[in-house]
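Engineer: My structure is in query_30.txt, and what it holds is compact mmCIF, C-alpha atoms:
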# COMPACT_ATOMS: atom_id res chain seq x y z
CA MET C 1 -27.55 102.29 3.82
CA PRO C 2 -28.86 101.21 0.39
CA LYS C 3 -26.73 101.98 -2.59
CA ILE C 4 -28.18 104.73 -4.78
CA TYR C 5 -27.83 104.30 -8.49
CA ASN C 6 -27.68 107.28 -10.75
CA TYR C 7 -28.71 106.55 -14.29
CA ASP C 8 -28.03 109.09 -16.94
CA VAL C 9 -30.63 108.59 -19.58
CA MET C 10 -29.52 109.71 -22.96
CA PHE C 11 -32.03 110.71 -25.52
CA ASP C 12 -30.99 111.15 -29.09
CA ASP C 13 -32.76 114.31 -30.09
CA THR C 14 -31.56 114.15 -33.68
CA SER C 15 -34.32 113.14 -36.00
CA ILE C 16 -33.88 110.33 -38.45
CA ASP C 17 -34.85 111.37 -41.96
CA VAL C 18 -36.29 108.44 -43.87
CA SER C 19 -38.14 110.53 -46.43
CA ARG C 20 -35.97 109.36 -49.36
CA GLU C 21 -36.54 105.66 -48.68
CA VAL C 22 -40.24 106.13 -47.92
CA SER C 23 -40.70 108.20 -51.09
CA LEU C 24 -39.14 105.41 -53.15
CA VAL C 25 -41.45 102.85 -51.61
CA TRP C 26 -44.45 105.15 -51.98
CA SER C 27 -43.67 105.64 -55.68
CA ILE C 28 -43.80 101.87 -56.09
CA ALA C 29 -47.17 101.82 -54.31
CA ASN C 30 -48.45 104.41 -56.77
CA SER C 31 -47.43 102.15 -59.67
CA LEU C 32 -50.11 99.72 -58.49
CA CYS C 33 -52.81 102.22 -59.44
CA GLY C 34 -55.45 100.64 -61.65
CA ALA C 35 -54.74 97.08 -60.57
CA TYR C 36 -55.36 97.94 -56.90
CA THR C 37 -57.33 100.51 -55.02
CA SER C 38 -55.10 102.67 -52.86
CA ASP C 39 -56.32 101.04 -49.64
CA LYS C 40 -55.00 97.69 -50.95
CA TYR C 41 -51.48 98.85 -51.88
CA LYS C 42 -50.26 97.74 -48.47
CA GLU C 43 -51.01 94.10 -49.36
CA VAL C 44 -48.13 94.31 -51.83
CA ILE C 45 -45.86 96.94 -50.35
CA ILE C 46 -45.50 95.62 -46.80
CA PRO C 47 -44.51 92.08 -47.86
CA MET C 48 -42.16 93.45 -50.51
CA VAL C 49 -40.41 95.68 -47.97
CA ILE C 50 -39.99 92.63 -45.73
CA ILE C 51 -38.69 90.49 -48.60
CA ARG C 52 -36.25 93.16 -49.72
CA ARG C 53 -34.94 93.72 -46.20
CA PHE C 54 -34.33 89.99 -45.76
CA GLU C 55 -32.71 89.74 -49.18
CA CYS C 56 -30.36 92.65 -48.47
CA ALA C 57 -29.39 91.13 -45.13
CA LEU C 58 -28.59 87.79 -46.77
CA THR C 59 -26.63 89.14 -49.74
CA LYS C 60 -23.13 88.50 -48.36
CA THR C 61 -23.79 84.85 -47.44
CA LYS C 62 -26.35 83.98 -50.15
CA GLN C 63 -24.02 81.92 -52.35
CA ASP C 64 -22.58 80.06 -49.35
CA VAL C 65 -26.08 79.12 -48.17
CA VAL C 66 -27.12 77.98 -51.65
CA ALA C 67 -23.94 75.89 -52.01
CA LYS C 68 -24.38 74.32 -48.56
CA TYR C 69 -28.02 73.53 -49.31
CA LYS C 70 -27.17 72.02 -52.71
CA SER C 71 -24.54 69.80 -51.10
CA ASN C 72 -27.20 68.41 -48.72
CA PRO C 73 -30.84 69.52 -49.09
CA ASN C 74 -31.68 67.72 -45.82
CA LEU C 75 -29.48 69.89 -43.62
CA PRO C 76 -31.18 71.13 -40.47
CA ALA C 77 -32.31 74.75 -40.54
CA ALA C 78 -29.86 75.59 -37.75
CA MET C 79 -26.93 74.75 -40.04
CA LEU C 80 -28.20 77.03 -42.80
CA GLU C 81 -28.89 79.78 -40.27
CA LYS C 82 -25.31 79.48 -39.07
CA VAL C 83 -24.03 79.92 -42.62
CA SER C 84 -26.37 82.87 -43.29
CA GLY C 85 -25.49 84.57 -40.01
CA TYR C 86 -29.17 85.22 -39.30
CA PRO C 87 -32.08 83.24 -37.87
CA PHE C 88 -33.38 82.94 -41.45
CA TYR C 89 -31.97 82.10 -44.87
CA ASN C 90 -32.86 81.59 -48.52
CA THR C 91 -31.79 78.55 -50.54
CA SER C 92 -33.13 79.77 -53.90
CA GLU C 93 -30.65 80.76 -56.57
CA PHE C 94 -32.96 83.64 -57.43
CA THR C 95 -32.66 87.18 -56.14
CA LEU C 96 -35.08 89.96 -56.97
CA SER C 97 -32.74 91.26 -59.67
CA ARG C 98 -32.16 87.77 -61.14
CA LEU C 99 -35.92 87.28 -61.42
CA LEU C 100 -35.94 90.07 -64.02
CA ASN C 101 -33.91 87.90 -66.45
CA ASP C 102 -36.93 85.71 -67.22
CA SER C 103 -39.96 87.97 -67.51
CA ASP C 104 -42.10 85.23 -69.07
CA ASN C 105 -41.83 83.10 -65.92
CA ILE C 106 -41.46 85.83 -63.32
CA ALA C 107 -44.50 84.78 -61.24
CA SER C 108 -43.52 81.12 -60.91
CA ASN C 109 -39.87 82.04 -60.37
CA PHE C 110 -40.83 84.57 -57.69
CA GLU C 111 -42.90 81.92 -55.91
CA SER C 112 -39.90 79.59 -56.11
CA TYR C 113 -37.70 82.33 -54.66
CA ILE C 114 -40.09 82.79 -51.74
CA GLU C 115 -40.23 79.01 -51.17
CA GLY C 116 -36.44 79.17 -50.76
CA PHE C 117 -36.78 81.23 -47.60
CA SER C 118 -36.63 79.51 -44.24
CA ALA C 119 -39.93 78.38 -42.72
CA ASN C 120 -40.16 81.39 -40.39
CA VAL C 121 -40.03 83.88 -43.28
CA GLN C 122 -42.43 81.80 -45.37
CA SER C 123 -44.83 81.83 -42.42
CA ILE C 124 -44.75 85.63 -42.27
CA LEU C 125 -45.51 85.90 -45.98
CA ALA C 126 -48.22 83.23 -45.78
CA ASN C 127 -49.92 85.17 -42.97
CA LEU C 128 -49.93 88.19 -45.29
CA ASP C 129 -51.50 86.02 -48.04
CA PHE C 130 -48.83 87.25 -50.40
CA LYS C 131 -49.12 84.44 -52.96
CA LYS C 132 -52.51 85.86 -53.95
CA GLN C 133 -50.87 89.25 -54.55
CA ILE C 134 -48.19 87.72 -56.78
CA GLU C 135 -50.91 86.23 -58.97
CA LYS C 136 -52.84 89.51 -59.05
CA MET C 137 -49.78 91.61 -59.91
CA ASP C 138 -48.80 89.15 -62.64
CA LYS C 139 -52.30 89.13 -64.11
CA ASN C 140 -52.33 92.95 -64.15
CA ASN C 141 -48.79 93.33 -65.56
CA ARG C 142 -47.42 94.93 -62.41
CA LEU C 143 -45.20 92.16 -61.03
CA TYR C 144 -42.12 92.83 -63.15
CA GLY C 145 -42.17 96.56 -62.39
CA VAL C 146 -42.66 96.07 -58.66
CA ILE C 147 -39.84 93.52 -58.43
CA LYS C 148 -37.55 95.73 -60.53
CA LYS C 149 -38.14 98.79 -58.36
CA PHE C 150 -37.73 96.89 -55.10
CA SER C 151 -34.53 95.25 -56.36
CA GLU C 152 -33.04 98.75 -56.58
CA ILE C 153 -33.81 99.84 -53.00
CA ASP C 154 -30.93 99.46 -50.56
CA LEU C 155 -32.25 98.08 -47.26
CA ASP C 156 -28.99 96.39 -46.26
CA PRO C 157 -28.58 96.35 -42.46
CA ASN C 158 -25.05 97.72 -42.96
CA THR C 159 -26.41 100.90 -44.55
CA VAL C 160 -29.92 101.00 -43.04
CA ASP C 161 -29.59 100.04 -39.39
CA GLY C 162 -32.43 98.53 -37.37
CA MET C 163 -33.55 101.87 -35.94
CA ARG C 164 -33.71 103.50 -39.37
CA MET C 165 -35.51 100.47 -40.83
CA GLY C 166 -38.04 100.69 -38.01
CA TYR C 167 -38.72 104.32 -38.85
CA ILE C 168 -39.08 103.48 -42.54
CA PHE C 169 -41.53 100.70 -41.82
CA GLU C 170 -43.43 102.83 -39.31
CA ASP C 171 -43.73 105.72 -41.77
CA ILE C 172 -44.99 103.43 -44.54
CA ILE C 173 -47.62 101.91 -42.23
CA ARG C 174 -48.58 105.39 -40.98
CA ARG C 175 -49.16 106.59 -44.54
CA PHE C 176 -51.39 103.63 -45.29
CA SER C 177 -53.35 104.28 -42.09
CA GLU C 178 -53.75 107.97 -42.92
CA GLN C 179 -54.93 107.06 -46.39
CA ILE C 180 -57.59 104.72 -45.01
CA THR C 181 -58.70 107.30 -42.44
CA ALA C 182 -59.01 109.98 -45.13
CA ARG C 183 -60.97 107.61 -47.30
CA LEU C 184 -63.39 106.82 -44.46
CA ARG C 185 -63.97 110.53 -43.86
CA LEU C 186 -64.93 111.01 -47.48
CA SER C 187 -67.48 108.21 -47.44
Could you rewrite the structure in this file as structure tokens?
Structural biologist:
Amino acid sequence: MPKIYNYDVMFDDTSIDVSREVSLVWSIANSLCGAYTSDKYKEVIIPMVIIRRFECALTKTKQDVVAKYKSNPNLPAAMLEKVSGYPFYNTSEFTLSRLLNDSDNIASNFESYIEGFSANVQSILANLDFKKQIEKMDKNNRLYGVIKKFSEIDLDPNTVDGMRMGYIFEDIIRRFSEQITARLRLS
């Protein structure tokens, strides 16, 4: 007789409230008004959420990765990943908050910061054509403010677990989609 397996499926019926985090991100999107049309906010906000999440994840090992990289810039990526504790890393001495210390060079320093990420993260940002957005924000005096506000959002995996982060990201994308749909209805 075949063995019968009984699986108890557990569903967590408690909702996850991400309204605070999404409201913070949405307020940053609204600060792009004038330089961007609302349907283009996502070209800045989505990459910045990704950058901030990666930065928060790497905070504890950042200095160790930078030191290891400085000791030998030709180390294989796997070694730096081991030090970071993630399948990505950043070798730049900059962080979003440190970028604010040199407002005159914030665009070039921000590009340098992004170039410090591992190739897989750089590839994500390149696919989003984010370099173009850095130039546009800088030209329209929005870059400093956007970086400052994102540097203050806590997206650390120890406080915002993967499930919660997924809901945050999903809600942000949903809002952008709703905005585009509403705009299409009006035209």
Engineer: What's the separation between CA of Met163 (chain C) and CA of Val22 (chain C), in Å to one decimal place?
Structural biologist: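 Pair CA of Met163 (chain C) / CA of Val22 (chain C) returns 14.4 Å.
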Engineer: Select, from C:Leu58, C:Ile16, C:Ile134, C:Val25, the residue with the minimum atom-to-atom distance to Ser118 (chain C), counting only C-alpha atoms.
Structural biologist: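 Smallest separation from Ser118 (chain C) among the options: C:Leu58.
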Engineer: Using all atoms listed in the file, which residue out of C:Glu111, C:Glu55, C:Glu178, C:Asp64 lies closest to Glu135 (chain C)?
Structural biologist: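 Of C:Glu111, C:Glu55, C:Glu178, C:Asp64, the one nearest Glu135 (chain C) is C:Glu111, counting all atoms listed in the file.
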Engineer: Rounded to one decimal in Å, what is the spacing between CA of Gly162 (chain C) and CA of Ser177 (chain C)?
Structural biologist: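 Going from CA of Gly162 (chain C) over to CA of Ser177 (chain C), I get 22.2 Å.
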Engineer: Closest to Lys136 (chain C) among C:Val83, C:Tyr41, C:Ser151, C:Ala35, using all atoms listed in the file?
Structural biologist: C:Ala35
Engineer: Within 8 Å of Gln133 (chain C), counting only C-alpha atoms, which residues qualify if same-chain residues fewer than 3 places away don't, as an NGL selection string?
Structural biologist: :C and (43-44 or 129-130 or 136-137)
Engineer: Using all atoms listed in the file, which of the listed residues (C:Asn30, C:Asn141, C:Asn90, C:Ser38) sits closest to Asp104 (chain C)?
Structural biologist: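 That would be C:Asn141, the residue with the smallest distance to Asp104 (chain C).
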Engineer: Rounded to one decimal in Å, what is the spacing between CA of Ile45 (chain C) and CA of Phe150 (chain C)?
Structural biologist: 9.4 Å
Engineer: For Lys148 (chain C), which of C:Val18, C:Ala29, C:Leu96, C:Met48 is the closest residue, counting all atoms listed in the file?
Structural biologist: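 Smallest distance to Lys148 (chain C) is found for C:Leu96.
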Engineer: So which one's closest to Pro157 (chain C), C:Met79, C:Leu100, C:Ile106, C:Cys56? Using all atoms listed in the file, please.
Structural biologist: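 Closest residue, counting all atoms listed in the file: C:Cys56.
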Engineer: Neighbouring residues of Val160 (chain C) were defined as those with any atom within 10 Å, considering all atoms listed in the file; residues of the same chain fewer than 5 positions away were excluded. Please report them as number ranges by chain.
Structural biologist: C: 18, 21, 53, 56, 154-155, 165-166, 168
Engineer: Could you list, as a list of chain:residue names, every residue within 12 Å of Asn140 (chain C), counting all atoms listed in the file and ignoring same-chain residues fewer than 6 positions away?
Structural biologist: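 My reading of the contact set: C:Ser31, C:Leu32, C:Cys33, C:Gly34, C:Ala35, C:Tyr36, C:Ala107, C:Gln133, C:Ile134, C:Val146.
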